[in-house]
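Chemist: Once you've had a glance at the structure underneath, I'll fire off some questions.
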Protein chains: 2
Amino acid sequence: MVDTQDSPFTAQKFVDRRKACSACVNCDVRTMAVCAALADDELAELDKIMTSRHLAPNEILVTEGDPLKRTYSLTSGMLRLSIALPDGRRQITGFLLPGDYLGLADDEVHSSTAEAVGTVQLCSFSTREMHALMERYPKLKDRLHSFTRSALRQARDNQMILGRLAPVEKLASFLLALSARAAEHKLSANPLSLPMSRTDIADYLGLTIETVSRSFTKLRNTGMIRLPDPQTVELMDMRALEAVAGMSVH
Amino acid sequence: MVDTQDSPFTAQKFVDRRKACSACVNCDVRTMAVCAALADDELAELDKIMTSRHLAPNEILVTEGDPLKRTYSLTSGMLRLSIALPDGRRQITGFLLPGDYLGLADDEVHSSTAEAVGTVQLCSFSTREMHALMERYPKLKDRLHSFTRSALRQARDNQMILGRLAPVEKLASFLLALSARAAEHKLSANPLSLPMSRTDIADYLGLTIETVSRSFTKLRNTGMIRLPDPQTVELMDMRALEAVAGMSVH
DNA sequence: CGAGTATTTGACGTATGTCAATCGGAGTGG
DNA sequence: CCACTCCGATTGACATACGTCAAATACTCG
């Protein structure tokens, strides 16, 4: 049954566009993503049900309420997850980094909208086939469950940030958390890249873009950060930032 | 067999106090809780590893950072989950109702503090034994995973509420959501009981108790709710409440 | 270099937090 | 049975942090 996959030539010959990341073994996120649950020799199974996909900046991947047909594993770029009110107000519930999984919270329908921030590469799986594979490899299911628990903890931390922190505190904790996550995902943690717009940050932190901007300049004027350009932050004084974020006493 | 907790001495003699809810099959939450994953004849397995426990009002069950030794299934009463900042600010991340499970988000340590709101009854499981049972009965694991996904969706909805709604909107959506959840958990949905204090509601919605109180009177003065007493709300006009909560257009 | 867009800065008003007083019910003791 | 206290909830007066509206600046891409 695992005929073609055992021989790497086929995959190498044709560079199937839909499988840009076809050599799963060599994938950038091999050690971080769902697939890390599988051994190299089991990876073919996943490869078989995977198709790879590219998104242009701001392209919509799924919309809130869409029936859940496929789930995704991000291999490069950044996705923003959001929910919207009928009157247009928007809350961004999270930003996904390479290795993160899309669809953790969903049963029958997508509970949030997912859009590409910049250009994005991802692996796409039919939920039916993914479920079958999870039955075959319980450790795959366990890893996804573990991802879900971690997403829940993060969502609860966000509740604290949204409910109890002042604007500068929100921004400081956002920068620290993103930097920490960047490190975990093997991206630059210190000259930190902010591919999302100020509007996105505002909709993530429950603020207006003006307040976000003013908070950036406050952190800059106190020497805690530098802003070589609006999409790049240098964290100059982590301890001070942590203090502002309300994470240490004082 | 109804063990009135009044006389602990007699109770110890005839009925094992640690198993007040020992007949799992007859449990109030049999159809809602984790145990619903198991058939009647499999329930004995769960019963074997379960001990039952009682909490007095405001008693602390677990504290943020505690090592995760046991998980719990609530059988009666209400728990509040919260996280705190070093400076004392508190965010309540959720209220658990009978049938809800405590420990969904946690791996090694408890990520939030859990306290009883009023008096509480719950089932307690060693994580080790529960894990073993989940290996035996995958449907048990699946149900817990399903609970976790649902908690994640709820946490994300809360992010919207905290980040983007005005105080009255927050309160209206809180009342509607609690009423809906009460119905699901076989509690009264319309004369809705609010066992938690105004301070708890404030810490849940990211407000001060004064603003919560003012929001209650606004909803009362517009005829959307009645407040026979501070712990009881009657929802008089659901459609109007939904409009205020920002869930319908207008 | 110029048009269009994103970000920053400024001026101002208001919604919500802060501080303080009052109300109301539950429990206690005379 | 009625004061009295205690604590939670409500109401009031006031201040200010943040949102709103508007302008200026900086960056991106033809």
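Following the order of the structure tokens, chains are lettered A, B, ..., residues in each are numbered from 1, and ligands are numbered from 1.
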Show me, as a PyMOL selection string, every residue of chain B with an atom at most 6 Å from chain A, counting only C-alpha atoms.

Modeler: chain B and resi 86+91+105+149+152-153+155+159-160+162-164+206+249

Chemist: Can you superpose chain B onto chain A by least squares over all C-alpha atoms paired in order and give the moved copy as a PDB file with C-alpha atoms, in the first residue's frame?

Modeler:
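After the write, out18.pdb holds the following:
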```pdb
ATOM      1  CA  MET B   1      14.206  17.839  -4.333  1.00  0.00           C
ATOM      2  CA  VAL B   2      13.676  21.396  -3.368  1.00  0.00           C
ATOM      3  CA  ASP B   3      10.669  22.227  -5.453  1.00  0.00           C
ATOM      4  CA  THR B   4      10.892  25.856  -6.400  1.00  0.00           C
ATOM      5  CA  GLN B   5       7.321  26.863  -7.141  1.00  0.00           C
ATOM      6  CA  ASP B   6       8.519  28.969 -10.097  1.00  0.00           C
ATOM      7  CA  SER B   7       7.711  26.585 -12.907  1.00  0.00           C
ATOM      8  CA  PRO B   8       4.477  24.783 -12.214  1.00  0.00           C
ATOM      9  CA  PHE B   9       4.767  22.674 -15.366  1.00  0.00           C
ATOM     10  CA  THR B  10       8.000  20.913 -14.542  1.00  0.00           C
ATOM     11  CA  ALA B  11       6.940  20.616 -10.962  1.00  0.00           C
ATOM     12  CA  GLN B  12       3.850  18.720 -11.975  1.00  0.00           C
ATOM     13  CA  LYS B  13       5.887  16.256 -13.971  1.00  0.00           C
ATOM     14  CA  PHE B  14       8.549  15.218 -11.512  1.00  0.00           C
ATOM     15  CA  VAL B  15       7.354  16.207  -8.090  1.00  0.00           C
ATOM     16  CA  ASP B  16       3.779  15.958  -6.937  1.00  0.00           C
ATOM     17  CA  ARG B  17       3.056  19.575  -6.066  1.00  0.00           C
ATOM     18  CA  ARG B  18       0.487  18.571  -3.518  1.00  0.00           C
ATOM     19  CA  LYS B  19       3.245  16.887  -1.555  1.00  0.00           C
ATOM     20  CA  ALA B  20       5.982  19.481  -1.540  1.00  0.00           C
ATOM     21  CA  CYS B  21       6.805  18.508   2.062  1.00  0.00           C
ATOM     22  CA  SER B  22       6.364  14.845   1.267  1.00  0.00           C
ATOM     23  CA  ALA B  23       9.335  13.651   3.271  1.00  0.00           C
ATOM     24  CA  CYS B  24       7.608  14.162   6.607  1.00  0.00           C
ATOM     25  CA  VAL B  25      10.654  12.838   8.418  1.00  0.00           C
ATOM     26  CA  ASN B  26      12.737  15.765   7.237  1.00  0.00           C
ATOM     27  CA  CYS B  27      10.047  18.365   7.851  1.00  0.00           C
ATOM     28  CA  ASP B  28      11.059  21.599   9.584  1.00  0.00           C
ATOM     29  CA  VAL B  29       8.307  21.221  12.128  1.00  0.00           C
ATOM     30  CA  ARG B  30       8.693  17.463  12.648  1.00  0.00           C
ATOM     31  CA  THR B  31       9.443  17.927  16.357  1.00  0.00           C
ATOM     32  CA  MET B  32       6.845  20.608  17.100  1.00  0.00           C
ATOM     33  CA  ALA B  33       3.731  19.791  15.121  1.00  0.00           C
ATOM     34  CA  VAL B  34       1.065  17.110  15.606  1.00  0.00           C
ATOM     35  CA  CYS B  35       3.254  14.622  13.811  1.00  0.00           C
ATOM     36  CA  ALA B  36       5.713  14.695  16.727  1.00  0.00           C
ATOM     37  CA  ALA B  37       3.316  12.291  18.415  1.00  0.00           C
ATOM     38  CA  LEU B  38       4.252   9.597  15.907  1.00  0.00           C
ATOM     39  CA  ALA B  39       7.492   7.645  15.626  1.00  0.00           C
ATOM     40  CA  ASP B  40       9.451   7.821  12.366  1.00  0.00           C
ATOM     41  CA  ASP B  41       8.125   4.471  11.170  1.00  0.00           C
ATOM     42  CA  GLU B  42       4.520   5.454  11.848  1.00  0.00           C
ATOM     43  CA  LEU B  43       4.875   8.684   9.945  1.00  0.00           C
ATOM     44  CA  ALA B  44       4.107   7.060   6.615  1.00  0.00           C
ATOM     45  CA  GLU B  45       0.498   6.663   7.765  1.00  0.00           C
ATOM     46  CA  LEU B  46       0.210  10.376   8.232  1.00  0.00           C
ATOM     47  CA  ASP B  47       2.074  11.070   5.033  1.00  0.00           C
ATOM     48  CA  LYS B  48      -0.453   8.944   3.185  1.00  0.00           C
ATOM     49  CA  ILE B  49      -3.428  11.108   4.169  1.00  0.00           C
ATOM     50  CA  MET B  50      -1.547  14.407   3.921  1.00  0.00           C
ATOM     51  CA  THR B  51      -1.536  16.833   1.039  1.00  0.00           C
ATOM     52  CA  SER B  52       0.580  19.937   1.068  1.00  0.00           C
ATOM     53  CA  ARG B  53      -0.629  23.373   0.130  1.00  0.00           C
ATOM     54  CA  HIS B  54       0.696  26.840  -0.569  1.00  0.00           C
ATOM     55  CA  LEU B  55      -1.023  30.155   0.175  1.00  0.00           C
ATOM     56  CA  ALA B  56      -0.228  33.594  -1.218  1.00  0.00           C
ATOM     57  CA  PRO B  57      -0.132  36.614   1.129  1.00  0.00           C
ATOM     58  CA  ASN B  58      -3.623  37.473   2.419  1.00  0.00           C
ATOM     59  CA  GLU B  59      -5.132  34.428   0.754  1.00  0.00           C
ATOM     60  CA  ILE B  60      -8.137  33.103   2.657  1.00  0.00           C
ATOM     61  CA  LEU B  61      -7.809  29.477   3.741  1.00  0.00           C
ATOM     62  CA  VAL B  62     -11.169  29.012   5.459  1.00  0.00           C
ATOM     63  CA  THR B  63     -14.049  31.312   6.326  1.00  0.00           C
ATOM     64  CA  GLU B  64     -16.081  31.415   9.518  1.00  0.00           C
ATOM     65  CA  GLY B  65     -19.065  29.118   9.112  1.00  0.00           C
ATOM     66  CA  ASP B  66     -17.541  26.909   6.420  1.00  0.00           C
ATOM     67  CA  PRO B  67     -18.262  23.221   6.987  1.00  0.00           C
ATOM     68  CA  LEU B  68     -15.233  21.558   8.540  1.00  0.00           C
ATOM     69  CA  LYS B  69     -13.862  19.230   5.880  1.00  0.00           C
ATOM     70  CA  ARG B  70     -10.134  19.532   6.440  1.00  0.00           C
ATOM     71  CA  THR B  71      -7.752  20.522   9.187  1.00  0.00           C
ATOM     72  CA  TYR B  72      -4.266  21.912   8.688  1.00  0.00           C
ATOM     73  CA  SER B  73      -0.806  21.921  10.169  1.00  0.00           C
ATOM     74  CA  LEU B  74       1.259  24.994   9.429  1.00  0.00           C
ATOM     75  CA  THR B  75       4.791  24.318   8.176  1.00  0.00           C
ATOM     76  CA  SER B  76       5.950  27.800   7.273  1.00  0.00           C
ATOM     77  CA  GLY B  77       4.667  31.360   7.365  1.00  0.00           C
ATOM     78  CA  MET B  78       1.941  32.765   9.582  1.00  0.00           C
ATOM     79  CA  LEU B  79      -1.840  32.493   9.662  1.00  0.00           C
ATOM     80  CA  ARG B  80      -4.225  34.896  11.334  1.00  0.00           C
ATOM     81  CA  LEU B  81      -7.452  33.659  12.908  1.00  0.00           C
ATOM     82  CA  SER B  82     -10.305  36.101  13.160  1.00  0.00           C
ATOM     83  CA  ILE B  83     -14.004  36.447  13.764  1.00  0.00           C
ATOM     84  CA  ALA B  84     -16.124  39.272  12.421  1.00  0.00           C
ATOM     85  CA  LEU B  85     -19.320  41.052  13.372  1.00  0.00           C
ATOM     86  CA  PRO B  86     -22.068  41.685  10.787  1.00  0.00           C
ATOM     87  CA  ASP B  87     -21.127  45.384  10.821  1.00  0.00           C
ATOM     88  CA  GLY B  88     -17.552  44.609   9.810  1.00  0.00           C
ATOM     89  CA  ARG B  89     -15.743  44.929  13.118  1.00  0.00           C
ATOM     90  CA  ARG B  90     -13.073  42.271  13.356  1.00  0.00           C
ATOM     91  CA  GLN B  91     -11.306  40.547  16.211  1.00  0.00           C
ATOM     92  CA  ILE B  92      -8.161  38.590  15.514  1.00  0.00           C
ATOM     93  CA  THR B  93      -8.105  35.746  18.019  1.00  0.00           C
ATOM     94  CA  GLY B  94      -4.617  34.503  17.304  1.00  0.00           C
ATOM     95  CA  PHE B  95      -1.651  34.164  14.998  1.00  0.00           C
ATOM     96  CA  LEU B  96      -0.483  30.661  14.119  1.00  0.00           C
ATOM     97  CA  LEU B  97       3.204  29.839  13.726  1.00  0.00           C
ATOM     98  CA  PRO B  98       4.880  26.878  12.001  1.00  0.00           C
ATOM     99  CA  GLY B  99       3.971  23.720  13.904  1.00  0.00           C
ATOM    100  CA  ASP B 100       0.584  25.082  15.006  1.00  0.00           C
ATOM    101  CA  TYR B 101      -2.604  23.285  14.101  1.00  0.00           C
ATOM    102  CA  LEU B 102      -5.716  24.793  12.558  1.00  0.00           C
ATOM    103  CA  GLY B 103      -9.100  23.420  13.529  1.00  0.00           C
ATOM    104  CA  LEU B 104      -8.560  22.706  17.225  1.00  0.00           C
ATOM    105  CA  ALA B 105     -11.723  24.479  18.329  1.00  0.00           C
ATOM    106  CA  ASP B 106     -14.043  23.219  15.648  1.00  0.00           C
ATOM    107  CA  ASP B 107     -16.615  20.437  15.472  1.00  0.00           C
ATOM    108  CA  GLU B 108     -18.891  20.730  12.451  1.00  0.00           C
ATOM    109  CA  VAL B 109     -17.968  24.141  11.081  1.00  0.00           C
ATOM    110  CA  HIS B 110     -15.008  26.470  11.228  1.00  0.00           C
ATOM    111  CA  SER B 111     -15.558  28.918  14.051  1.00  0.00           C
ATOM    112  CA  SER B 112     -13.045  31.425  12.717  1.00  0.00           C
ATOM    113  CA  THR B 113     -11.652  32.687   9.450  1.00  0.00           C
ATOM    114  CA  ALA B 114      -8.035  31.809   8.676  1.00  0.00           C
ATOM    115  CA  GLU B 115      -5.938  33.879   6.271  1.00  0.00           C
ATOM    116  CA  ALA B 116      -2.296  33.804   5.311  1.00  0.00           C
ATOM    117  CA  VAL B 117      -0.305  36.760   6.595  1.00  0.00           C
ATOM    118  CA  GLY B 118       2.647  36.299   4.244  1.00  0.00           C
ATOM    119  CA  THR B 119       3.211  33.281   2.022  1.00  0.00           C
ATOM    120  CA  VAL B 120       2.322  30.077   3.797  1.00  0.00           C
ATOM    121  CA  GLN B 121       3.019  26.366   3.464  1.00  0.00           C
ATOM    122  CA  LEU B 122       0.843  23.855   5.211  1.00  0.00           C
ATOM    123  CA  CYS B 123      -0.177  20.236   5.434  1.00  0.00           C
ATOM    124  CA  SER B 124      -3.826  19.478   4.871  1.00  0.00           C
ATOM    125  CA  PHE B 125      -5.811  16.535   6.240  1.00  0.00           C
ATOM    126  CA  SER B 126      -9.320  15.299   5.630  1.00  0.00           C
ATOM    127  CA  THR B 127     -11.019  15.350   9.030  1.00  0.00           C
ATOM    128  CA  ARG B 128     -12.466  11.920   8.328  1.00  0.00           C
ATOM    129  CA  GLU B 129      -9.086  10.362   7.631  1.00  0.00           C
ATOM    130  CA  MET B 130      -7.463  12.238  10.492  1.00  0.00           C
ATOM    131  CA  HIS B 131     -10.103  10.927  12.877  1.00  0.00           C
ATOM    132  CA  ALA B 132      -9.487   7.410  11.682  1.00  0.00           C
ATOM    133  CA  LEU B 133      -5.766   7.837  12.249  1.00  0.00           C
ATOM    134  CA  MET B 134      -6.407   9.208  15.733  1.00  0.00           C
ATOM    135  CA  GLU B 135      -8.318   6.033  16.561  1.00  0.00           C
ATOM    136  CA  ARG B 136      -5.329   4.004  15.391  1.00  0.00           C
ATOM    137  CA  TYR B 137      -2.810   6.136  17.265  1.00  0.00           C
ATOM    138  CA  PRO B 138      -4.322   7.474  20.481  1.00  0.00           C
ATOM    139  CA  LYS B 139      -1.162   9.445  21.178  1.00  0.00           C
ATOM    140  CA  LEU B 140      -2.021  11.509  18.105  1.00  0.00           C
ATOM    141  CA  LYS B 141      -5.381  12.360  19.621  1.00  0.00           C
ATOM    142  CA  ASP B 142      -3.726  13.086  22.950  1.00  0.00           C
ATOM    143  CA  ARG B 143      -1.333  15.518  21.322  1.00  0.00           C
ATOM    144  CA  LEU B 144      -4.149  17.365  19.606  1.00  0.00           C
ATOM    145  CA  HIS B 145      -6.037  17.534  22.877  1.00  0.00           C
ATOM    146  CA  SER B 146      -2.923  18.923  24.503  1.00  0.00           C
ATOM    147  CA  PHE B 147      -2.701  21.548  21.742  1.00  0.00           C
ATOM    148  CA  THR B 148      -6.331  22.464  22.394  1.00  0.00           C
ATOM    149  CA  ARG B 149      -5.738  22.929  26.134  1.00  0.00           C
ATOM    150  CA  SER B 150      -2.781  25.123  25.379  1.00  0.00           C
ATOM    151  CA  ALA B 151      -4.841  27.191  22.924  1.00  0.00           C
ATOM    152  CA  LEU B 152      -7.490  27.586  25.611  1.00  0.00           C
ATOM    153  CA  ARG B 153      -4.936  28.874  28.126  1.00  0.00           C
ATOM    154  CA  GLN B 154      -3.678  31.305  25.519  1.00  0.00           C
ATOM    155  CA  ALA B 155      -7.186  32.508  24.698  1.00  0.00           C
ATOM    156  CA  ARG B 156      -7.800  33.161  28.397  1.00  0.00           C
ATOM    157  CA  ASP B 157      -4.557  35.092  28.723  1.00  0.00           C
ATOM    158  CA  ASN B 158      -5.764  37.142  25.783  1.00  0.00           C
ATOM    159  CA  GLN B 159      -8.971  37.873  27.645  1.00  0.00           C
ATOM    160  CA  MET B 160      -6.881  39.440  30.406  1.00  0.00           C
ATOM    161  CA  ILE B 161      -4.871  41.428  27.879  1.00  0.00           C
ATOM    162  CA  LEU B 162      -7.987  42.664  26.102  1.00  0.00           C
ATOM    163  CA  GLY B 163     -10.006  43.397  29.190  1.00  0.00           C
ATOM    164  CA  ARG B 164      -7.572  44.811  31.677  1.00  0.00           C
ATOM    165  CA  LEU B 165      -4.433  46.207  30.028  1.00  0.00           C
ATOM    166  CA  ALA B 166      -3.838  49.747  28.754  1.00  0.00           C
ATOM    167  CA  PRO B 167      -2.611  50.166  25.153  1.00  0.00           C
ATOM    168  CA  VAL B 168       1.149  50.268  25.874  1.00  0.00           C
ATOM    169  CA  GLU B 169       0.750  47.341  28.234  1.00  0.00           C
ATOM    170  CA  LYS B 170      -1.106  45.427  25.537  1.00  0.00           C
ATOM    171  CA  LEU B 171       1.603  46.055  22.992  1.00  0.00           C
ATOM    172  CA  ALA B 172       4.428  45.179  25.383  1.00  0.00           C
ATOM    173  CA  SER B 173       2.783  41.902  26.336  1.00  0.00           C
ATOM    174  CA  PHE B 174       2.059  41.146  22.685  1.00  0.00           C
ATOM    175  CA  LEU B 175       5.712  41.590  21.760  1.00  0.00           C
ATOM    176  CA  LEU B 176       6.910  39.502  24.707  1.00  0.00           C
ATOM    177  CA  ALA B 177       4.440  36.711  24.024  1.00  0.00           C
ATOM    178  CA  LEU B 178       5.211  36.635  20.319  1.00  0.00           C
ATOM    179  CA  SER B 179       8.934  36.600  21.020  1.00  0.00           C
ATOM    180  CA  ALA B 180       8.537  33.719  23.465  1.00  0.00           C
ATOM    181  CA  ARG B 181       6.435  31.804  20.991  1.00  0.00           C
ATOM    182  CA  ALA B 182       8.905  32.506  18.200  1.00  0.00           C
ATOM    183  CA  ALA B 183      11.615  30.946  20.358  1.00  0.00           C
ATOM    184  CA  GLU B 184       9.493  27.854  21.000  1.00  0.00           C
ATOM    185  CA  HIS B 185       8.898  27.555  17.276  1.00  0.00           C
ATOM    186  CA  LYS B 186      12.571  27.908  16.406  1.00  0.00           C
ATOM    187  CA  LEU B 187      12.226  31.359  14.913  1.00  0.00           C
ATOM    188  CA  SER B 188      14.236  34.413  15.845  1.00  0.00           C
ATOM    189  CA  ALA B 189      13.077  35.607  19.253  1.00  0.00           C
ATOM    190  CA  ASN B 190      14.973  38.810  19.453  1.00  0.00           C
ATOM    191  CA  PRO B 191      15.228  40.689  16.353  1.00  0.00           C
ATOM    192  CA  LEU B 192      11.550  39.817  16.214  1.00  0.00           C
ATOM    193  CA  SER B 193       9.778  39.763  12.884  1.00  0.00           C
ATOM    194  CA  LEU B 194       6.260  41.220  12.674  1.00  0.00           C
ATOM    195  CA  PRO B 195       4.887  39.991   9.355  1.00  0.00           C
ATOM    196  CA  MET B 196       1.385  41.219  10.188  1.00  0.00           C
ATOM    197  CA  SER B 197       0.221  44.778   9.540  1.00  0.00           C
ATOM    198  CA  ARG B 198      -0.475  47.415  12.184  1.00  0.00           C
ATOM    199  CA  THR B 199      -4.155  46.921  11.416  1.00  0.00           C
ATOM    200  CA  ASP B 200      -3.808  43.234  12.303  1.00  0.00           C
ATOM    201  CA  ILE B 201      -2.084  44.094  15.581  1.00  0.00           C
ATOM    202  CA  ALA B 202      -4.837  46.604  16.331  1.00  0.00           C
ATOM    203  CA  ASP B 203      -7.554  44.036  15.631  1.00  0.00           C
ATOM    204  CA  TYR B 204      -5.713  41.557  17.826  1.00  0.00           C
ATOM    205  CA  LEU B 205      -5.287  43.923  20.780  1.00  0.00           C
ATOM    206  CA  GLY B 206      -8.653  45.654  20.547  1.00  0.00           C
ATOM    207  CA  LEU B 207      -7.175  49.034  19.581  1.00  0.00           C
ATOM    208  CA  THR B 208      -7.051  51.356  16.588  1.00  0.00           C
ATOM    209  CA  ILE B 209      -4.005  51.415  14.334  1.00  0.00           C
ATOM    210  CA  GLU B 210      -3.221  54.950  15.495  1.00  0.00           C
ATOM    211  CA  THR B 211      -3.048  53.846  19.111  1.00  0.00           C
ATOM    212  CA  VAL B 212      -0.897  50.869  18.142  1.00  0.00           C
ATOM    213  CA  SER B 213       1.463  53.160  16.306  1.00  0.00           C
ATOM    214  CA  ARG B 214       1.614  55.609  19.214  1.00  0.00           C
ATOM    215  CA  SER B 215       2.308  52.745  21.592  1.00  0.00           C
ATOM    216  CA  PHE B 216       5.196  51.588  19.400  1.00  0.00           C
ATOM    217  CA  THR B 217       6.756  55.042  19.511  1.00  0.00           C
ATOM    218  CA  LYS B 218       6.284  55.225  23.280  1.00  0.00           C
ATOM    219  CA  LEU B 219       8.193  51.965  23.694  1.00  0.00           C
ATOM    220  CA  ARG B 220      10.817  53.225  21.242  1.00  0.00           C
ATOM    221  CA  ASN B 221      11.195  56.614  22.947  1.00  0.00           C
ATOM    222  CA  THR B 222      11.733  54.952  26.322  1.00  0.00           C
ATOM    223  CA  GLY B 223      14.454  52.770  24.816  1.00  0.00           C
ATOM    224  CA  MET B 224      12.681  49.471  25.397  1.00  0.00           C
ATOM    225  CA  ILE B 225      12.547  48.583  21.719  1.00  0.00           C
ATOM    226  CA  ARG B 226      14.166  49.602  18.453  1.00  0.00           C
ATOM    227  CA  LEU B 227      12.305  49.586  15.140  1.00  0.00           C
ATOM    228  CA  PRO B 228      14.853  49.175  12.316  1.00  0.00           C
ATOM    229  CA  ASP B 229      11.803  48.986  10.084  1.00  0.00           C
ATOM    230  CA  PRO B 230       8.084  48.686  10.838  1.00  0.00           C
ATOM    231  CA  GLN B 231       8.135  44.862  10.502  1.00  0.00           C
ATOM    232  CA  THR B 232      11.151  44.327  12.743  1.00  0.00           C
ATOM    233  CA  VAL B 233      11.415  44.944  16.467  1.00  0.00           C
ATOM    234  CA  GLU B 234      14.449  44.627  18.648  1.00  0.00           C
ATOM    235  CA  LEU B 235      13.587  44.054  22.281  1.00  0.00           C
ATOM    236  CA  MET B 236      16.249  46.101  24.079  1.00  0.00           C
ATOM    237  CA  ASP B 237      15.125  45.795  27.705  1.00  0.00           C
ATOM    238  CA  MET B 238      13.102  42.704  28.495  1.00  0.00           C
ATOM    239  CA  ARG B 239      12.757  43.474  32.195  1.00  0.00           C
ATOM    240  CA  ALA B 240      11.376  46.920  31.483  1.00  0.00           C
ATOM    241  CA  LEU B 241       9.006  45.448  28.890  1.00  0.00           C
ATOM    242  CA  GLU B 242       7.795  42.864  31.391  1.00  0.00           C
ATOM    243  CA  ALA B 243       7.198  45.634  33.918  1.00  0.00           C
ATOM    244  CA  VAL B 244       5.190  47.614  31.369  1.00  0.00           C
ATOM    245  CA  ALA B 245       3.261  44.486  30.404  1.00  0.00           C
ATOM    246  CA  GLY B 246       2.079  44.289  34.018  1.00  0.00           C
ATOM    247  CA  MET B 247       3.778  40.933  34.541  1.00  0.00           C
ATOM    248  CA  SER B 248       6.038  42.036  37.385  1.00  0.00           C
ATOM    249  CA  VAL B 249       5.141  44.249  40.290  1.00  0.00           C
ATOM    250  CA  HIS B 250       5.698  48.074  40.174  1.00  0.00           C
TER     251      HIS B 250
END
```

Chemist: Given a cut-off of 10 Å, which residues of chain D touch chain B, counting only C-alpha atoms (C1' of nucleotides), written out as a list of chain:residue names?

Modeler: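 So the residues of chain D near chain B are D:DG8, D:DA9, D:DT10, D:DT11.
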
Chemist: From the DSSP assignment of the backbone, select every residue of range 75-222 of chain A that is strand (DSSP E), and format the answer as JSON, numbers by chain.

Modeler: {"A": [75, 76, 79, 80, 81, 82, 83, 84, 90, 91, 92, 93, 94, 95, 96, 101, 102, 113, 114, 115, 116, 120, 121, 122, 123, 124, 125, 126, 191, 192, 193]}

Chemist: Within 12 Å of chain A, which residues belong to chain C? Use only C-alpha atoms (C1' of nucleotides) and report them as a list in words.

Modeler: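 In the required form, that comes to DT5, DA6, DT7, DT8, DT9, DG10 and DG17 of chain C.
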